[in-house]
file upload_36.csv (CSV, C-alpha atoms)
chain,number,residue,atom,x,y,z
A,145,GLN,CA,135.2,160.7,-216.0
A,146,GLN,CA,137.7,157.8,-215.9
A,147,LEU,CA,141.3,158.8,-215.1
A,148,PRO,CA,144.2,157.7,-217.2
A,149,ASN,CA,145.3,155.1,-214.6
A,150,GLY,CA,141.9,153.4,-215.0
A,151,ALA,CA,140.4,154.7,-211.7
A,152,TRP,CA,137.5,157.1,-211.0
A,153,SER,CA,137.5,159.9,-208.4
A,154,TRP,CA,134.8,161.4,-206.3
A,155,PHE,CA,134.6,164.5,-208.3
A,156,PRO,CA,136.5,165.9,-211.4
A,157,GLY,CA,140.0,167.1,-210.4
A,158,MET,CA,140.2,164.9,-207.4
A,159,GLU,CA,142.7,162.0,-207.0
A,160,ASP,CA,141.7,158.4,-207.8
A,161,ASN,CA,139.6,156.5,-205.3
A,162,ARG,CA,139.5,152.7,-204.9
A,163,GLY,CA,136.1,152.7,-203.2
A,164,ILE,CA,134.4,154.7,-206.0
A,165,THR,CA,136.2,152.6,-208.7
A,166,LEU,CA,134.9,149.4,-207.1
A,167,GLU,CA,131.4,150.7,-206.9
A,168,ILE,CA,131.4,151.6,-210.6
A,169,VAL,CA,133.0,148.3,-211.7
A,170,VAL,CA,130.5,146.3,-209.7
A,171,GLY,CA,127.6,148.4,-211.1
A,172,LEU,CA,128.9,147.7,-214.7
A,173,GLY,CA,129.2,144.0,-213.8
A,174,LYS,CA,125.6,143.9,-212.7
A,175,LEU,CA,124.5,145.5,-215.9
A,176,HIS,CA,126.3,142.9,-217.8
A,177,ALA,CA,124.8,140.2,-215.6
A,178,ILE,CA,121.2,141.1,-216.6
A,179,GLY,CA,122.1,141.7,-220.2
A,180,ALA,CA,122.1,145.5,-220.1
A,181,GLY,CA,125.8,146.1,-220.5
A,182,HIS,CA,127.2,147.9,-223.5
A,183,GLY,CA,130.1,146.8,-225.6
A,184,ASN,CA,131.8,150.2,-225.4
A,185,THR,CA,132.4,149.8,-221.7
A,186,GLU,CA,134.8,146.8,-222.1
A,187,GLU,CA,137.9,148.9,-222.4
A,188,ALA,CA,136.9,151.1,-219.4
A,189,ILE,CA,136.3,147.9,-217.3
A,190,THR,CA,139.6,146.4,-218.2
A,191,LYS,CA,141.5,149.5,-217.3
A,192,ALA,CA,139.7,149.8,-214.0
A,193,LEU,CA,140.3,146.1,-213.1
A,194,ASN,CA,144.0,146.6,-213.9
A,195,TYR,CA,144.1,149.6,-211.6
A,196,LEU,CA,142.4,147.7,-208.8
A,197,GLU,CA,144.7,144.7,-209.3
A,198,GLN,CA,147.8,147.0,-209.0
A,199,GLU,CA,146.4,148.6,-205.9
A,200,ALA,CA,145.8,145.2,-204.3
A,201,ILE,CA,149.3,144.1,-205.2
A,202,ARG,CA,150.8,147.2,-203.7
A,203,GLU,CA,148.8,146.8,-200.5
A,204,TYR,CA,149.7,143.1,-200.3
A,205,GLN,CA,153.4,143.9,-200.8
A,206,ARG,CA,153.2,146.5,-198.1
A,207,MET,CA,151.7,144.0,-195.6
A,208,THR,CA,154.4,141.5,-196.6
A,209,ASP,CA,157.1,144.0,-196.0
A,210,ARG,CA,155.6,144.8,-192.6
A,211,ARG,CA,155.2,141.1,-191.8
A,212,GLU,CA,151.4,141.6,-191.3
A,213,LEU,CA,150.1,138.7,-193.3
A,214,SER,CA,150.0,136.3,-190.5
A,215,GLY,CA,147.6,138.5,-188.5
A,216,TYR,CA,145.5,139.6,-191.4
A,217,VAL,CA,141.7,139.5,-191.2
A,218,LEU,CA,139.6,140.1,-194.3
A,219,ASN,CA,138.3,143.7,-194.5
A,220,ALA,CA,135.4,145.2,-196.5
A,221,LEU,CA,137.6,146.8,-199.2
A,222,HIS,CA,139.2,143.5,-200.0
A,223,LEU,CA,135.9,141.7,-199.9
A,224,ASN,CA,134.5,144.2,-202.4
A,225,TYR,CA,137.6,143.7,-204.6
A,226,LEU,CA,136.9,140.0,-204.8
A,227,TYR,CA,133.2,140.7,-205.5
A,228,ALA,CA,134.1,143.1,-208.4
A,229,LEU,CA,136.4,140.5,-209.9
A,230,SER,CA,133.7,137.8,-209.6
A,231,PHE,CA,131.7,139.5,-212.4
A,232,PHE,CA,134.5,139.3,-214.9
A,233,ASP,CA,136.0,135.8,-214.9
A,234,GLN,CA,137.4,136.5,-218.3
A,235,PHE,CA,139.8,139.0,-216.8
A,236,GLN,CA,143.3,137.6,-216.5
A,237,LEU,CA,145.2,138.4,-213.4
A,238,SER,CA,148.9,138.6,-213.4
A,239,PRO,CA,150.8,135.9,-211.5
A,240,LYS,CA,151.3,138.3,-208.6
A,241,GLY,CA,147.6,139.4,-208.8
A,242,LYS,CA,146.5,135.8,-208.6
A,243,GLU,CA,148.7,135.3,-205.6
A,244,VAL,CA,146.9,138.2,-203.9
A,245,SER,CA,143.5,137.0,-205.0
A,246,ASP,CA,144.2,133.5,-203.7
A,247,PHE,CA,145.4,134.9,-200.4
A,248,LEU,CA,142.2,137.0,-199.9
A,249,THR,CA,140.0,134.1,-201.1
A,250,GLY,CA,141.6,131.9,-198.4
A,251,HIS,CA,140.5,134.4,-195.9
A,252,LEU,CA,137.0,134.3,-197.2
A,253,VAL,CA,137.0,130.7,-196.1
A,254,SER,CA,138.6,131.2,-192.7
A,255,ASP,CA,137.1,134.6,-191.7
A,256,TRP,CA,133.5,134.5,-193.0
A,257,MET,CA,132.0,133.9,-189.5
A,258,HIS,CA,133.4,137.2,-188.4
A,259,LEU,CA,131.6,139.2,-191.1
A,260,SER,CA,128.2,140.9,-191.0
A,261,HIS,CA,125.3,138.9,-192.4
A,262,ASP,CA,125.2,140.7,-195.7
A,263,ALA,CA,129.0,140.4,-196.0
A,264,GLN,CA,128.6,136.7,-195.4
A,265,ALA,CA,126.2,136.5,-198.3
A,266,ARG,CA,128.7,138.4,-200.5
A,267,ALA,CA,131.4,136.0,-199.5
A,268,ALA,CA,129.2,133.0,-200.4
A,269,LEU,CA,128.5,134.5,-203.8
A,270,ILE,CA,132.2,135.0,-204.5
A,271,LEU,CA,132.9,131.4,-203.5
A,272,LEU,CA,130.1,130.1,-205.6
A,273,ARG,CA,131.6,131.9,-208.6
A,274,LYS,CA,135.0,130.5,-207.8
A,275,GLY,CA,133.6,126.9,-207.6
A,276,ASP,CA,133.9,126.4,-203.8
A,277,THR,CA,130.3,125.3,-203.4
A,278,ALA,CA,131.0,123.5,-200.2
A,279,THR,CA,132.0,126.6,-198.2
A,280,ALA,CA,129.3,128.7,-199.9
A,281,THR,CA,126.7,126.2,-199.0
A,282,ARG,CA,127.8,126.3,-195.3
A,283,ILE,CA,127.6,130.0,-195.3
A,284,LEU,CA,124.1,130.2,-196.9
A,285,SER,CA,122.8,127.4,-194.6
A,286,SER,CA,124.0,129.4,-191.6
A,287,LEU,CA,122.3,132.5,-192.9
A,288,LYS,CA,119.1,130.6,-193.7
A,289,GLU,CA,118.8,129.4,-190.1
A,290,LYS,CA,119.1,133.0,-188.9
A,291,SER,CA,116.3,134.4,-191.1
A,292,LEU,CA,112.9,135.4,-190.0
A,293,SER,CA,109.6,135.2,-192.0
A,294,ASP,CA,106.1,136.5,-191.9
A,295,PRO,CA,103.3,135.8,-194.4
A,296,LEU,CA,102.7,139.5,-194.9
A,297,LEU,CA,106.2,140.9,-194.7
A,298,GLY,CA,108.2,138.2,-196.3
A,299,ARG,CA,111.6,137.0,-195.2
A,300,TRP,CA,114.4,139.1,-193.7
A,301,TRP,CA,117.3,139.1,-191.2
A,302,LYS,CA,116.9,140.7,-187.8
A,303,ALA,CA,120.6,141.7,-187.7
A,304,SER,CA,120.2,143.6,-190.9
A,305,LEU,CA,117.4,145.6,-189.3
A,306,ASN,CA,119.7,146.7,-186.5
A,307,ASP,CA,122.7,147.5,-188.7
A,308,GLY,CA,122.9,150.9,-190.5
A,309,ASN,CA,120.1,153.0,-191.9
A,310,SER,CA,117.2,152.1,-194.1
A,311,ALA,CA,119.2,152.4,-197.3
A,312,GLN,CA,121.8,150.0,-196.0
A,313,ARG,CA,119.2,147.5,-195.0
A,314,ILE,CA,117.8,147.6,-198.5
A,315,GLU,CA,121.3,147.0,-199.9
A,316,ALA,CA,121.8,144.1,-197.5
A,317,GLN,CA,118.5,142.5,-198.5
A,318,ALA,CA,119.4,142.8,-202.2
A,319,MET,CA,122.7,141.0,-201.5
A,320,PHE,CA,120.9,138.2,-199.7
A,321,ILE,CA,118.6,137.8,-202.7
A,322,GLU,CA,121.5,137.8,-205.2
A,323,ALA,CA,123.4,135.1,-203.2
A,324,PHE,CA,120.5,132.7,-202.6
A,325,GLU,CA,119.4,133.1,-206.2
A,326,GLU,CA,122.8,132.2,-207.6
A,327,ALA,CA,122.9,129.2,-205.2
A,328,GLY,CA,119.8,127.9,-206.9
A,329,TYR,CA,117.3,128.2,-204.0
A,330,ASP,CA,113.7,127.6,-205.0
A,331,ILE,CA,111.5,130.4,-206.3
A,332,ALA,CA,109.2,130.5,-203.3
A,333,TRP,CA,112.2,131.2,-201.0
A,334,ILE,CA,113.5,133.9,-203.3
A,335,ASP,CA,110.1,135.5,-203.7
A,336,SER,CA,109.7,135.7,-199.9
A,337,MET,CA,112.9,137.8,-199.7
A,338,ARG,CA,111.7,140.0,-202.7
A,339,GLN,CA,108.4,140.4,-200.8
A,340,TRP,CA,110.2,142.0,-197.8
A,341,LEU,CA,112.1,144.3,-200.2
A,342,LEU,CA,108.8,145.5,-201.7
A,343,THR,CA,107.1,146.0,-198.3
A,344,GLN,CA,109.9,148.4,-197.4
A,345,LYS,CA,109.0,150.4,-200.5
A,346,GLN,CA,105.4,150.5,-199.4
A,347,THR,CA,105.9,151.5,-195.8
A,348,ASN,CA,109.1,153.6,-196.2
A,349,ARG,CA,111.1,154.4,-199.2
A,350,TRP,CA,114.4,153.4,-200.8
A,351,GLU,CA,116.3,156.4,-199.5
A,352,THR,CA,119.2,156.6,-201.9
A,353,SER,CA,119.9,156.0,-205.6
A,354,ARG,CA,122.3,153.3,-204.7
A,355,ALA,CA,119.7,151.4,-202.6
A,356,THR,CA,117.2,151.8,-205.3
A,357,ALA,CA,119.6,150.5,-207.9
A,358,GLU,CA,120.5,147.5,-205.7
A,359,ALA,CA,116.8,146.7,-205.1
A,360,VAL,CA,115.9,147.0,-208.8
A,361,TYR,CA,118.8,144.7,-209.7
A,362,ALA,CA,117.7,142.1,-207.1
A,363,LEU,CA,114.1,142.2,-208.4
A,364,LEU,CA,115.0,141.9,-212.0
A,365,ARG,CA,117.4,139.0,-211.8
A,366,ARG,CA,115.1,136.0,-211.2
A,367,GLY,CA,112.0,134.9,-209.3
A,368,THR,CA,108.4,135.2,-210.2
A,369,ASP,CA,107.6,137.8,-212.8
A,370,TRP,CA,105.4,140.2,-210.8
A,371,LEU,CA,105.5,142.8,-213.5
A,372,SER,CA,103.8,141.0,-216.4
A,373,GLU,CA,100.1,141.1,-217.0
A,374,ASN,CA,98.7,137.7,-217.8
A,375,GLN,CA,95.0,138.6,-217.9
A,376,SER,CA,93.5,138.9,-221.3
A,377,VAL,CA,91.6,142.0,-222.3
A,378,VAL,CA,87.8,141.6,-222.4
A,379,VAL,CA,85.9,144.1,-224.5
A,380,ASN,CA,82.1,144.5,-223.7

call {"tool": "encode", "arguments": {"input": "upload_36.csv", "output": "structure tokens"}}
result
Amino acid sequence: QQLPNGAWSWFPGMEDNRGITLEIVVGLGKLHAIGAGHGNTEEAITKALNYLEQEAIREYQRMTDRRELSGYVLNALHLNYLYALSFFDQFQLSPKGKEVSDFLTGHLVSDWMHLSHDAQARAALILLRKGDTATATRILSSLKEKSLSDPLLGRWWKASLNDGNSAQRIEAQAMFIEAFEEAGYDIAWIDSMRQWLLTQKQTNRWETSRATAEAVYALLRRGTDWLSENQSVVVN
């Protein structure tokens, strides 16, 4: 249940948690993106975004007071904050909130090479939605050069195989698909990444509900419709 300040917690009775709130907001954003959102979530989303904005402002002010801004390097929490905001361009940040967002976005541009491959894909996606297609294109071109492919397995990234467990690899592949799709790469390229995702389902399993949700989201967005049945029924 959402708390009065707009956040969610791990369990009822616990204090607010930014990480959990970000996950829920991103999940709601993805539902809206595929047309599965519900109008009665708008108020909850706005309250959550206000909470996340205020938390980011407080953290930014704390870094300012400690004179830490000059040595700042983009971290996963702030990357995910920008990712959550990218689903809701209609949300109006306060002047201070925009200052924080602009600061973090500047570090997307300067720090992306130090991120993991799937975080680079997320950075590219955020920048695409912000209109910085030049930097997004550089990031995706770099990722494309590092990809591997096989006629049976599809297309994947070796680094993602070495990072984390099976569920995290599925989530990373879903992020690659989302980024390259939004950048307008051709269907054959997108399908090759979706193919790898499905081969992992055949040979292993999508180990967590989160990995399953990310995989389904990636498969439903765009690409060839592998679910429809085009053959006509013949009755003898």

call {"tool": "residues_around", "arguments": {"input": "upload_36.csv", "residues": "segment 194-203 of chain A", "least_positions_apart": "2", "cutoff": "9 Å", "atoms": "only C-alpha atoms", "output": "PyMOL selection string"}}
result
chain A and resi 149-151+162+165-166+189-192+205-208+222+225+237-238+240-241+243-245

call {"tool": "residues_near_point", "arguments": {"input": "upload_36.csv", "point": "(117.0, 138.2, -192.6)", "cutoff": "9 Å", "atoms": "all atoms listed in the file", "output": "VMD selection string"}}
result
chain A and resid 261 287 to 288 290 to 293 299 to 305 317 320 337

call {"tool": "closest_residue", "arguments": {"input": "upload_36.csv", "among": "A:Ala280, A:Leu213, A:Leu193, A:Ala323", "to": "Leu172 of chain A", "atoms": "all atoms listed in the file"}}
result
A:Leu193

call {"tool": "residues_around", "arguments": {"input": "upload_36.csv", "residues": "Ser336 of chain A", "least_positions_apart": "4", "cutoff": "9 Å", "atoms": "all atoms listed in the file", "output": "list in words"}}
result
Ser293, Asp294, Pro295, Leu297, Gly298, Arg299, Trp300, Ile331, Ala332, Trp340 and Leu341 of chain A

call {"tool": "atom_distance", "arguments": {"input": "upload_36.csv", "atom1": "atom CA of Trp152 of chain A", "atom2": "atom CA of Ile168 of chain A"}}
result
8.2 Å

call {"tool": "closest_residue", "arguments": {"input": "upload_36.csv", "among": "A:His258, A:Arg210, A:Arg365, A:Arg338", "to": "Ile314 of chain A", "atoms": "only C-alpha atoms"}}
result
A:Arg338

call {"tool": "atom_distance", "arguments": {"input": "upload_36.csv", "atom1": "atom CA of Trp350 of chain A", "atom2": "atom CA of Ala311 of chain A"}}
result
6.0 Å

call {"tool": "residues_around", "arguments": {"input": "upload_36.csv", "residues": "Glu326 of chain A", "least_positions_apart": "6", "cutoff": "12 Å", "atoms": "all atoms listed in the file", "output": "compact mmCIF listing (two decimals) with C-alpha atoms, in the coordinates of the input"}}
result
# COMPACT_ATOMS: atom_id res chain seq x y z
CA ALA A 177 124.80 140.20 -215.60
CA ALA A 265 126.20 136.50 -198.30
CA ARG A 266 128.70 138.40 -200.50
CA ALA A 268 129.20 133.00 -200.40
CA LEU A 269 128.50 134.50 -203.80
CA ILE A 270 132.20 135.00 -204.50
CA LEU A 271 132.90 131.40 -203.50
CA LEU A 272 130.10 130.10 -205.60
CA ARG A 273 131.60 131.90 -208.60
CA THR A 277 130.30 125.30 -203.40
CA ALA A 280 129.30 128.70 -199.90
CA THR A 281 126.70 126.20 -199.00
CA LEU A 284 124.10 130.20 -196.90
CA MET A 319 122.70 141.00 -201.50
CA PHE A 320 120.90 138.20 -199.70
CA ILE A 334 113.50 133.90 -203.30
CA ALA A 362 117.70 142.10 -207.10
CA ARG A 365 117.40 139.00 -211.80
CA ARG A 366 115.10 136.00 -211.20
CA GLY A 367 112.00 134.90 -209.30

call {"tool": "residues_around", "arguments": {"input": "upload_36.csv", "residues": "Met257 of chain A", "least_positions_apart": "5", "cutoff": "10 Å", "atoms": "only C-alpha atoms", "output": "CSV table (one decimal) with C-alpha atoms, in the frame of the given file"}}
result
chain,number,residue,atom,x,y,z
A,252,LEU,CA,137.0,134.3,-197.2
A,263,ALA,CA,129.0,140.4,-196.0
A,264,GLN,CA,128.6,136.7,-195.4
A,283,ILE,CA,127.6,130.0,-195.3
A,286,SER,CA,124.0,129.4,-191.6

call {"tool": "atom_distance", "arguments": {"input": "upload_36.csv", "atom1": "atom CA of Ala355 of chain A", "atom2": "atom CA of Gln312 of chain A"}}
result
7.1 Å

call {"tool": "closest_residue", "arguments": {"input": "upload_36.csv", "among": "A:Gln146, A:Ser260, A:Thr249, A:Asn161", "to": "Leu229 of chain A", "atoms": "only C-alpha atoms"}}
result
A:Thr249

call {"tool": "closest_residue", "arguments": {"input": "upload_36.csv", "among": "A:Gly275, A:Ile164, A:His176, A:Gly215", "to": "Phe231 of chain A", "atoms": "all atoms listed in the file"}}
result
A:His176

call {"tool": "residues_around", "arguments": {"input": "upload_36.csv", "residues": "Arg354 of chain A", "least_positions_apart": "5", "cutoff": "12 Å", "atoms": "only C-alpha atoms", "output": "list in words"}}
result
Glu167, Ile168, Val170, Gly171, Ser310, Ala311, Gln312, Arg313, Ile314, Glu315, Ala316, Ala318, Ala359, Val360 and Tyr361 of chain A

call {"tool": "write_last_selection", "arguments": {"input": "upload_36.csv", "atoms": "C-alpha atoms", "output": "short mmCIF file (atom, residue, chain, number, x, y, z; two decimals), in the coordinates of the input"}}
result
data_model
loop_
_atom_site.label_atom_id
_atom_site.label_comp_id
_atom_site.auth_asym_id
_atom_site.auth_seq_id
_atom_site.Cartn_x
_atom_site.Cartn_y
_atom_site.Cartn_z
CA GLU A 167 131.40 150.70 -206.90
CA ILE A 168 131.40 151.60 -210.60
CA VAL A 170 130.50 146.30 -209.70
CA GLY A 171 127.60 148.40 -211.10
CA SER A 310 117.20 152.10 -194.10
CA ALA A 311 119.20 152.40 -197.30
CA GLN A 312 121.80 150.00 -196.00
CA ARG A 313 119.20 147.50 -195.00
CA ILE A 314 117.80 147.60 -198.50
CA GLU A 315 121.30 147.00 -199.90
CA ALA A 316 121.80 144.10 -197.50
CA ALA A 318 119.40 142.80 -202.20
CA ALA A 359 116.80 146.70 -205.10
CA VAL A 360 115.90 147.00 -208.80
CA TYR A 361 118.80 144.70 -209.70
#

call {"tool": "decode", "arguments": {"input": "upload_36.csv", "residues": "segment 152-179 of chain A", "atoms": "N, CA and C atoms", "output": "PDB file, in the first residue's frame"}}
result
ATOM      1  N   TRP A 152       6.418   3.762  -1.490  1.00  0.00           N
ATOM      2  CA  TRP A 152       6.040   2.417  -1.075  1.00  0.00           C
ATOM      3  C   TRP A 152       7.170   1.856  -0.208  1.00  0.00           C
ATOM      4  N   SER A 153       6.836   0.878   0.600  1.00  0.00           N
ATOM      5  CA  SER A 153       7.831   0.221   1.451  1.00  0.00           C
ATOM      6  C   SER A 153       7.938  -1.246   1.049  1.00  0.00           C
ATOM      7  N   TRP A 154       8.941  -1.920   1.620  1.00  0.00           N
ATOM      8  CA  TRP A 154       9.095  -3.349   1.341  1.00  0.00           C
ATOM      9  C   TRP A 154       7.864  -4.126   1.817  1.00  0.00           C
ATOM     10  N   PHE A 155       7.462  -3.881   3.048  1.00  0.00           N
ATOM     11  CA  PHE A 155       6.315  -4.573   3.636  1.00  0.00           C
ATOM     12  C   PHE A 155       5.494  -3.567   4.432  1.00  0.00           C
ATOM     13  N   PRO A 156       4.215  -3.851   4.662  1.00  0.00           N
ATOM     14  CA  PRO A 156       3.387  -2.946   5.475  1.00  0.00           C
ATOM     15  C   PRO A 156       4.011  -2.699   6.844  1.00  0.00           C
ATOM     16  N   GLY A 157       3.984  -1.444   7.264  1.00  0.00           N
ATOM     17  CA  GLY A 157       4.546  -1.077   8.558  1.00  0.00           C
ATOM     18  C   GLY A 157       5.999  -0.656   8.506  1.00  0.00           C
ATOM     19  N   MET A 158       6.666  -0.908   7.373  1.00  0.00           N
ATOM     20  CA  MET A 158       8.064  -0.508   7.235  1.00  0.00           C
ATOM     21  C   MET A 158       8.133   0.904   6.677  1.00  0.00           C
ATOM     22  N   GLU A 159       9.317   1.542   6.778  1.00  0.00           N
ATOM     23  CA  GLU A 159       9.481   2.907   6.290  1.00  0.00           C
ATOM     24  C   GLU A 159       9.579   2.931   4.776  1.00  0.00           C
ATOM     25  N   ASP A 160       9.453   4.123   4.210  1.00  0.00           N
ATOM     26  CA  ASP A 160       9.477   4.266   2.752  1.00  0.00           C
ATOM     27  C   ASP A 160      10.822   3.821   2.182  1.00  0.00           C
ATOM     28  N   ASN A 161      10.785   3.367   0.945  1.00  0.00           N
ATOM     29  CA  ASN A 161      11.979   2.837   0.292  1.00  0.00           C
ATOM     30  C   ASN A 161      12.032   3.370  -1.142  1.00  0.00           C
ATOM     31  N   ARG A 162      13.095   4.084  -1.465  1.00  0.00           N
ATOM     32  CA  ARG A 162      13.220   4.674  -2.799  1.00  0.00           C
ATOM     33  C   ARG A 162      13.332   3.615  -3.886  1.00  0.00           C
ATOM     34  N   GLY A 163      14.100   2.568  -3.607  1.00  0.00           N
ATOM     35  CA  GLY A 163      14.297   1.531  -4.605  1.00  0.00           C
ATOM     36  C   GLY A 163      13.000   0.840  -4.993  1.00  0.00           C
ATOM     37  N   ILE A 164      12.209   0.479  -3.994  1.00  0.00           N
ATOM     38  CA  ILE A 164      10.924  -0.167  -4.255  1.00  0.00           C
ATOM     39  C   ILE A 164       9.985   0.795  -4.987  1.00  0.00           C
ATOM     40  N   THR A 165       9.978   2.057  -4.554  1.00  0.00           N
ATOM     41  CA  THR A 165       9.123   3.053  -5.201  1.00  0.00           C
ATOM     42  C   THR A 165       9.501   3.219  -6.665  1.00  0.00           C
ATOM     43  N   LEU A 166      10.788   3.254  -6.952  1.00  0.00           N
ATOM     44  CA  LEU A 166      11.243   3.362  -8.340  1.00  0.00           C
ATOM     45  C   LEU A 166      10.779   2.171  -9.166  1.00  0.00           C
ATOM     46  N   GLU A 167      10.903   0.973  -8.611  1.00  0.00           N
ATOM     47  CA  GLU A 167      10.478  -0.220  -9.346  1.00  0.00           C
ATOM     48  C   GLU A 167       8.995  -0.171  -9.680  1.00  0.00           C
ATOM     49  N   ILE A 168       8.189   0.253  -8.730  1.00  0.00           N
ATOM     50  CA  ILE A 168       6.742   0.312  -8.951  1.00  0.00           C
ATOM     51  C   ILE A 168       6.402   1.373  -9.985  1.00  0.00           C
ATOM     52  N   VAL A 169       7.036   2.543  -9.886  1.00  0.00           N
ATOM     53  CA  VAL A 169       6.763   3.621 -10.843  1.00  0.00           C
ATOM     54  C   VAL A 169       7.173   3.200 -12.252  1.00  0.00           C
ATOM     55  N   VAL A 170       8.337   2.563 -12.383  1.00  0.00           N
ATOM     56  CA  VAL A 170       8.774   2.080 -13.698  1.00  0.00           C
ATOM     57  C   VAL A 170       7.796   1.033 -14.234  1.00  0.00           C
ATOM     58  N   GLY A 171       7.358   0.134 -13.365  1.00  0.00           N
ATOM     59  CA  GLY A 171       6.393  -0.877 -13.791  1.00  0.00           C
ATOM     60  C   GLY A 171       5.101  -0.254 -14.293  1.00  0.00           C
ATOM     61  N   LEU A 172       4.608   0.760 -13.590  1.00  0.00           N
ATOM     62  CA  LEU A 172       3.393   1.453 -14.026  1.00  0.00           C
ATOM     63  C   LEU A 172       3.641   2.198 -15.335  1.00  0.00           C
ATOM     64  N   GLY A 173       4.848   2.749 -15.476  1.00  0.00           N
ATOM     65  CA  GLY A 173       5.187   3.430 -16.721  1.00  0.00           C
ATOM     66  C   GLY A 173       5.191   2.482 -17.906  1.00  0.00           C
ATOM     67  N   LYS A 174       5.674   1.277 -17.699  1.00  0.00           N
ATOM     68  CA  LYS A 174       5.704   0.297 -18.783  1.00  0.00           C
ATOM     69  C   LYS A 174       4.296  -0.164 -19.154  1.00  0.00           C
ATOM     70  N   LEU A 175       3.432  -0.296 -18.165  1.00  0.00           N
ATOM     71  CA  LEU A 175       2.045  -0.645 -18.463  1.00  0.00           C
ATOM     72  C   LEU A 175       1.397   0.438 -19.322  1.00  0.00           C
ATOM     73  N   HIS A 176       1.635   1.685 -18.986  1.00  0.00           N
ATOM     74  CA  HIS A 176       1.103   2.784 -19.785  1.00  0.00           C
ATOM     75  C   HIS A 176       1.682   2.753 -21.203  1.00  0.00           C
ATOM     76  N   ALA A 177       2.960   2.408 -21.314  1.00  0.00           N
ATOM     77  CA  ALA A 177       3.634   2.420 -22.610  1.00  0.00           C
ATOM     78  C   ALA A 177       3.036   1.409 -23.582  1.00  0.00           C
ATOM     79  N   ILE A 178       2.518   0.302 -23.065  1.00  0.00           N
ATOM     80  CA  ILE A 178       1.917  -0.706 -23.940  1.00  0.00           C
ATOM     81  C   ILE A 178       0.390  -0.625 -23.935  1.00  0.00           C
ATOM     82  N   GLY A 179      -0.134   0.474 -23.392  1.00  0.00           N
ATOM     83  CA  GLY A 179      -1.574   0.684 -23.415  1.00  0.00           C
ATOM     84  C   GLY A 179      -2.340  -0.120 -22.404  1.00  0.00           C
TER      85      GLY A 179
END
